[in-house]
Amino acid sequence: MKILKVENLSISFGGLKAVDNLSFEVEENSIFGLIGPNGAGKTTVFNCISRFYTPDEGRIIFSPLTNTDDGESRAEYNLLDYKVHEIIGKGLSRTFQNVLLVKHMTVLENIMLGEHSTTKGGILSQGFNLPIVCKEEKRIREKAFEIMKFLGIDDIAYQLAASQPYGVQKKIELGRALVSQPRLIILDEPAAGMNHTETEELAELITKIKNEFGITILLVEHDMGLVMNICEEICVINFGKKIAEGTPEEIRNNPVVQEAYLGKGEELNA
Ligand SMILES: Nc1ncnc2c1ncn2[C@@H]1O[C@H](COP(=O)(O)OP(=O)(O)OP(=O)(O)O)[C@@H](O)[C@H]1O
């Protein structure tokens with residue numbers, strides 16, 4: 001079952017076609033990698049999926065399982081029909097290339113922020129602290145603690161996010177993406193700025209998120225060791241176009257992919 005279908009996506013900035021008629025499909029409960037040399041268009045694709053950008057052409061179909069009164073059913077959303085703040089409520093969350101935390105808030109508060117955009121209480125009920133808000137707040141707090149425990153950062157819940165080392169701040173950002181209980185998480189260069197040991201720990205964590213929460217992962221990453229190690233399927237783009245798709249082994253041995261990386265003076269094999 002495909003949880004995400006990107007169909008004939010194109011977007012230009014001025015005269016530059018950053019993404020050019022790109023299509024790929026992501027299998028549910030898998031780790032899918034989108035790779036390509038510098039400036040290939042990867043972040044632009046992510047920004048279209050998470051609706052920071054509106055593409056000129058194409059469709060993005062998201063088909064998550066959703067909870068209903070009768071159990072679970074499968075929804076189908078054309079993401080282009082929704083605004084950026086509506087996307088989380090549909091079961092899709094993301095992290096960013098650069099850590100974006102509210103530095104003067106605690107670790108707990110930062111993680112809880114990830115769920116506040118989907119809360120049920122409106123502005124008036126929040127202002128008056130109505131019971132629905134208190135109940136909702138308690139639920140989010142409990143969920144945040146569960147996530148922090150999973151990430152091994154529950155012992156620093158009440159410390160300021162700003163005072164944490166970089167690797168921990170990355171985990172807090174991951175926690176914020178997890179707390180809304182998404183079906184799909186898109187991770188934009190999660191290993192950027194990490195050392196080898198931190199990257200290995202991250203690889204384990206991402207695989208654990210998939211296995212324990214049943215969440216599908218879509219990953220953009222420069223660290224080829226991480227990509228080849230954890231992704232089941234990889235799509236390679238260059239100049240906004242797909243140049244290859246396959247398993248890590250197929251991608252590693254693909255001469256077109258090797259040439260694209262060498263042409264930009266980058267390393268494919270880690
Ligand atoms: N908002 C924008 N306005 C103008 N040009 C943009 C914008 N966003 C991206 N671009 C251009 O589109 C192209 C693709 O950029 P993008 O950041 O998506 O590449 P990338 O594959 O993520 O690169 P990197 O690996 O270096 O992060 C680049 O040439 C970039 O300069």
# chains A, B, ... in the order shown; residues from 1 in each chain; ligands from 1

$ residues_around --residues "A:Ala75" --least-positions-apart "4" --cutoff "10 Å" --atoms "only C-alpha atoms" --output "list in words"
Ile3, Phe62, Ser63, Pro64, Leu65, Thr66, Asn67 and Lys90 of chain A

$ closest_atom_pairs --of "chain A" --to "ligand 1" --cutoff "12 Å" --atoms "only C-alpha atoms and all ligand atoms" --output "Markdown table"
| residue | atom | partner | partner_atom_place_in_ligand_line | distance |
| --- | --- | --- | --- | --- |
| A:Ser10 | CA | ligand 1 | 12 (O) | 11.4 |
| A:Ile11 | CA | ligand 1 | 12 (O) | 8.9 |
| A:Ser12 | CA | ligand 1 | 12 (O) | 7.7 |
| A:Phe13 | CA | ligand 1 | 4 (C) | 4.9 |
| A:Gly14 | CA | ligand 1 | 4 (C) | 7.2 |
| A:Gly15 | CA | ligand 1 | 5 (N) | 9.4 |
| A:Leu16 | CA | ligand 1 | 12 (O) | 7.0 |
| A:Lys17 | CA | ligand 1 | 12 (O) | 7.3 |
| A:Ala18 | CA | ligand 1 | 12 (O) | 4.4 |
| A:Val19 | CA | ligand 1 | 14 (C) | 7.4 |
| A:Asp20 | CA | ligand 1 | 14 (C) | 10.7 |
| A:Leu34 | CA | ligand 1 | 21 (O) | 9.1 |
| A:Ile35 | CA | ligand 1 | 21 (O) | 7.5 |
| A:Gly36 | CA | ligand 1 | 21 (O) | 6.0 |
| A:Pro37 | CA | ligand 1 | 25 (O) | 5.9 |
| A:Asn38 | CA | ligand 1 | 26 (O) | 3.7 |
| A:Gly39 | CA | ligand 1 | 23 (O) | 3.4 |
| A:Ala40 | CA | ligand 1 | 21 (O) | 3.7 |
| A:Gly41 | CA | ligand 1 | 18 (O) | 3.2 |
| A:Lys42 | CA | ligand 1 | 21 (O) | 3.8 |
| A:Thr43 | CA | ligand 1 | 22 (O) | 3.7 |
| A:Thr44 | CA | ligand 1 | 18 (O) | 3.7 |
| A:Val45 | CA | ligand 1 | 18 (O) | 6.5 |
| A:Phe46 | CA | ligand 1 | 18 (O) | 8.0 |
| A:Asn47 | CA | ligand 1 | 18 (O) | 8.2 |
| A:Cys48 | CA | ligand 1 | 18 (O) | 9.9 |
| A:Phe52 | CA | ligand 1 | 1 (N) | 9.8 |
| A:Tyr53 | CA | ligand 1 | 1 (N) | 8.3 |
| A:Thr54 | CA | ligand 1 | 1 (N) | 11.0 |
| A:Pro55 | CA | ligand 1 | 1 (N) | 11.7 |
| A:Phe96 | CA | ligand 1 | 27 (O) | 10.9 |
| A:Gln97 | CA | ligand 1 | 27 (O) | 8.1 |
| A:Asn98 | CA | ligand 1 | 27 (O) | 10.8 |
| A:Leu187 | CA | ligand 1 | 22 (O) | 11.9 |
| A:Asp188 | CA | ligand 1 | 22 (O) | 8.6 |
| A:Glu189 | CA | ligand 1 | 27 (O) | 8.2 |
| A:Pro190 | CA | ligand 1 | 27 (O) | 11.9 |
| A:Ala192 | CA | ligand 1 | 27 (O) | 10.4 |
| A:Leu219 | CA | ligand 1 | 22 (O) | 11.4 |
| A:Val220 | CA | ligand 1 | 22 (O) | 7.9 |
| A:Glu221 | CA | ligand 1 | 25 (O) | 7.9 |
| A:His222 | CA | ligand 1 | 25 (O) | 6.9 |
| A:Asp223 | CA | ligand 1 | 25 (O) | 10.7 |
| A:Val236 | CA | ligand 1 | 21 (O) | 10.1 |
| A:Ile237 | CA | ligand 1 | 21 (O) | 8.0 |
| A:Asn238 | CA | ligand 1 | 21 (O) | 7.9 |
| A:Phe239 | CA | ligand 1 | 14 (C) | 7.5 |
| A:Gly240 | CA | ligand 1 | 14 (C) | 7.1 |
| A:Lys241 | CA | ligand 1 | 21 (O) | 10.8 |
| A:Lys242 | CA | ligand 1 | 21 (O) | 11.9 |
| A:Tyr261 | CA | ligand 1 | 25 (O) | 11.4 |
| A:Lys264 | CA | ligand 1 | 26 (O) | 10.9 |
| A:Glu266 | CA | ligand 1 | 25 (O) | 10.7 |

$ atom_distance --atom1 "atom CA of A:Ile147" --atom2 "atom CA of A:Glu232"
24.7 Å

$ select_by_dssp --residues "stretch 8-169 of chain A" --states "strand (DSSP E or B)" --output "VMD selection string"
chain A and resid 8 to 13 16 to 27 31 to 35 57 to 62 65 to 68 71 to 74 77 to 78 92 to 94 106 160

$ residues_around --residues "A:Phe213" --least-positions-apart "5" --cutoff "12 Å" --atoms "only C-alpha atoms" --output "list in words"
Asn29, Ser30, Glu146, Ile147, Phe150, Leu178, Val179, Ser180, Gln181, Pro182, Arg183, Leu184, Ile185, Leu205, Ile206, Thr207 and Lys208 of chain A

$ select_by_dssp --residues "stretch 26-261 of chain A" --states "alpha helix (DSSP H)" --output "ChimeraX atom specification"
/A:42-49,107-116,123-127,131-151,166-178,196-213,224-230,248-252,255-261

$ atom_distance --atom1 "atom CA of A:Lys83" --atom2 "atom CA of A:Ile49"
10.8 Å

$ residues_around --residues "stretch 245-260 of chain A" --least-positions-apart "6" --cutoff "6 Å" --atoms "only C-alpha atoms" --output "list in words"
Met228, Glu232, Glu233, Ile234 and Cys235 of chain A

$ write_last_selection --atoms "N, CA and C atoms" --output "compact mmCIF listing (two decimals), in the first residue's frame"
# COMPACT_ATOMS: atom_id res chain seq x y z
N MET A 228 22.18 4.58 2.93
CA MET A 228 22.37 3.21 2.43
C MET A 228 22.08 2.19 3.53
N GLU A 232 14.95 1.55 2.54
CA GLU A 232 14.58 0.35 1.78
C GLU A 232 14.48 0.67 0.29
N GLU A 233 14.09 1.91 0.00
CA GLU A 233 13.93 2.35 -1.39
C GLU A 233 14.50 3.76 -1.48
N ILE A 234 15.17 4.04 -2.59
CA ILE A 234 15.79 5.36 -2.75
C ILE A 234 15.42 5.94 -4.11
N CYS A 235 15.07 7.22 -4.12
CA CYS A 235 14.84 7.92 -5.39
C CYS A 235 15.95 8.96 -5.51

$ residues_around --residues "A:Lys2" --least-positions-apart "2" --cutoff "6 Å" --atoms "only C-alpha atoms" --output "ChimeraX atom specification"
/A:4,26-28

$ write_last_selection --atoms "N, CA and C atoms" --output "mmCIF file, in the first residue's frame"
data_model
loop_
_atom_site.group_PDB
_atom_site.id
_atom_site.type_symbol
_atom_site.label_atom_id
_atom_site.label_comp_id
_atom_site.auth_asym_id
_atom_site.auth_seq_id
_atom_site.Cartn_x
_atom_site.Cartn_y
_atom_site.Cartn_z
ATOM 1 N N LEU A 4 2.105 7.584 0.158
ATOM 2 C CA LEU A 4 2.322 8.893 -0.491
ATOM 3 C C LEU A 4 2.610 8.694 -1.965
ATOM 4 N N VAL A 26 5.744 6.212 -2.127
ATOM 5 C CA VAL A 26 6.354 5.722 -0.890
ATOM 6 C C VAL A 26 5.477 4.638 -0.277
ATOM 7 N N GLU A 27 6.082 3.478 -0.066
ATOM 8 C CA GLU A 27 5.375 2.341 0.523
ATOM 9 C C GLU A 27 5.105 2.603 2.009
ATOM 10 N N GLU A 28 3.921 2.234 2.451
ATOM 11 C CA GLU A 28 3.575 2.427 3.864
ATOM 12 C C GLU A 28 4.513 1.613 4.760
#

$ decode --residues "stretch 235-270 of chain A" --atoms "N, CA and C atoms" --output "short mmCIF file (atom, residue, chain, number, x, y, z; two decimals), in the first residue's frame"
data_model
loop_
_atom_site.label_atom_id
_atom_site.label_comp_id
_atom_site.auth_asym_id
_atom_site.auth_seq_id
_atom_site.Cartn_x
_atom_site.Cartn_y
_atom_site.Cartn_z
N CYS A 235 15.07 7.22 -4.12
CA CYS A 235 14.84 7.92 -5.39
C CYS A 235 15.95 8.96 -5.51
N VAL A 236 16.61 8.98 -6.66
CA VAL A 236 17.71 9.94 -6.85
C VAL A 236 17.27 11.01 -7.84
N ILE A 237 17.46 12.28 -7.46
CA ILE A 237 17.13 13.35 -8.40
C ILE A 237 18.36 14.19 -8.69
N ASN A 238 18.35 14.81 -9.86
CA ASN A 238 19.41 15.74 -10.25
C ASN A 238 18.77 16.80 -11.15
N PHE A 239 19.07 18.05 -10.90
CA PHE A 239 18.42 19.16 -11.62
C PHE A 239 16.90 19.00 -11.61
N GLY A 240 16.36 18.55 -10.48
CA GLY A 240 14.90 18.46 -10.31
C GLY A 240 14.25 17.26 -10.96
N LYS A 241 15.02 16.44 -11.69
CA LYS A 241 14.44 15.29 -12.39
C LYS A 241 14.89 13.99 -11.74
N LYS A 242 14.02 12.97 -11.80
CA LYS A 242 14.41 11.66 -11.29
C LYS A 242 15.42 11.03 -12.25
N ILE A 243 16.56 10.57 -11.70
CA ILE A 243 17.53 9.88 -12.57
C ILE A 243 17.63 8.39 -12.23
N ALA A 244 17.14 7.99 -11.07
CA ALA A 244 17.19 6.56 -10.71
C ALA A 244 16.29 6.30 -9.52
N GLU A 245 15.86 5.05 -9.38
CA GLU A 245 15.09 4.64 -8.21
C GLU A 245 15.37 3.16 -7.96
N GLY A 246 15.52 2.76 -6.72
CA GLY A 246 15.77 1.35 -6.44
C GLY A 246 16.25 1.12 -5.02
N THR A 247 16.74 -0.08 -4.77
CA THR A 247 17.26 -0.43 -3.45
C THR A 247 18.62 0.25 -3.28
N PRO A 248 19.12 0.33 -2.03
CA PRO A 248 20.45 0.94 -1.83
C PRO A 248 21.52 0.29 -2.72
N GLU A 249 21.47 -1.03 -2.85
CA GLU A 249 22.46 -1.74 -3.65
C GLU A 249 22.39 -1.29 -5.12
N GLU A 250 21.15 -1.21 -5.64
CA GLU A 250 20.97 -0.81 -7.04
C GLU A 250 21.48 0.63 -7.26
N ILE A 251 21.18 1.49 -6.29
CA ILE A 251 21.57 2.90 -6.43
C ILE A 251 23.09 3.05 -6.36
N ARG A 252 23.69 2.33 -5.43
CA ARG A 252 25.15 2.41 -5.25
C ARG A 252 25.88 2.03 -6.54
N ASN A 253 25.31 1.05 -7.26
CA ASN A 253 26.00 0.55 -8.46
C ASN A 253 25.52 1.19 -9.76
N ASN A 254 24.67 2.19 -9.65
CA ASN A 254 24.11 2.80 -10.86
C ASN A 254 25.09 3.84 -11.44
N PRO A 255 25.57 3.62 -12.67
CA PRO A 255 26.57 4.54 -13.23
C PRO A 255 26.04 5.96 -13.43
N VAL A 256 24.75 6.10 -13.74
CA VAL A 256 24.17 7.44 -13.95
C VAL A 256 24.22 8.23 -12.65
N VAL A 257 23.92 7.53 -11.55
CA VAL A 257 23.92 8.18 -10.23
C VAL A 257 25.36 8.56 -9.85
N GLN A 258 26.28 7.63 -10.07
CA GLN A 258 27.68 7.91 -9.73
C GLN A 258 28.19 9.13 -10.49
N GLU A 259 27.81 9.20 -11.77
CA GLU A 259 28.26 10.32 -12.60
C GLU A 259 27.68 11.65 -12.10
N ALA A 260 26.39 11.62 -11.71
CA ALA A 260 25.74 12.84 -11.23
C ALA A 260 26.46 13.38 -10.00
N TYR A 261 26.85 12.47 -9.10
CA TYR A 261 27.55 12.90 -7.88
C TYR A 261 28.96 13.38 -8.19
N LEU A 262 29.66 12.62 -9.05
CA LEU A 262 31.03 13.01 -9.38
C LEU A 262 31.05 14.36 -10.08
N GLY A 263 30.04 14.60 -10.94
CA GLY A 263 29.93 15.86 -11.67
C GLY A 263 29.84 17.05 -10.74
N LYS A 264 29.29 16.83 -9.54
CA LYS A 264 29.18 17.93 -8.57
C LYS A 264 30.29 17.85 -7.52
N GLY A 265 31.27 16.97 -7.80
CA GLY A 265 32.39 16.84 -6.86
C GLY A 265 31.99 16.26 -5.53
N GLU A 266 30.92 15.43 -5.51
CA GLU A 266 30.47 14.85 -4.24
C GLU A 266 30.72 13.35 -4.21
N GLU A 267 30.62 12.80 -3.02
CA GLU A 267 30.92 11.40 -2.77
C GLU A 267 29.61 10.63 -2.64
N LEU A 268 29.42 9.54 -3.42
CA LEU A 268 28.19 8.75 -3.29
C LEU A 268 28.36 7.66 -2.24
N ASN A 269 29.50 6.98 -2.30
CA ASN A 269 29.67 5.84 -1.39
C ASN A 269 30.27 6.28 -0.06
N ALA A 270 29.61 5.86 1.01
CA ALA A 270 30.15 6.20 2.32
C ALA A 270 30.85 4.99 2.91
#
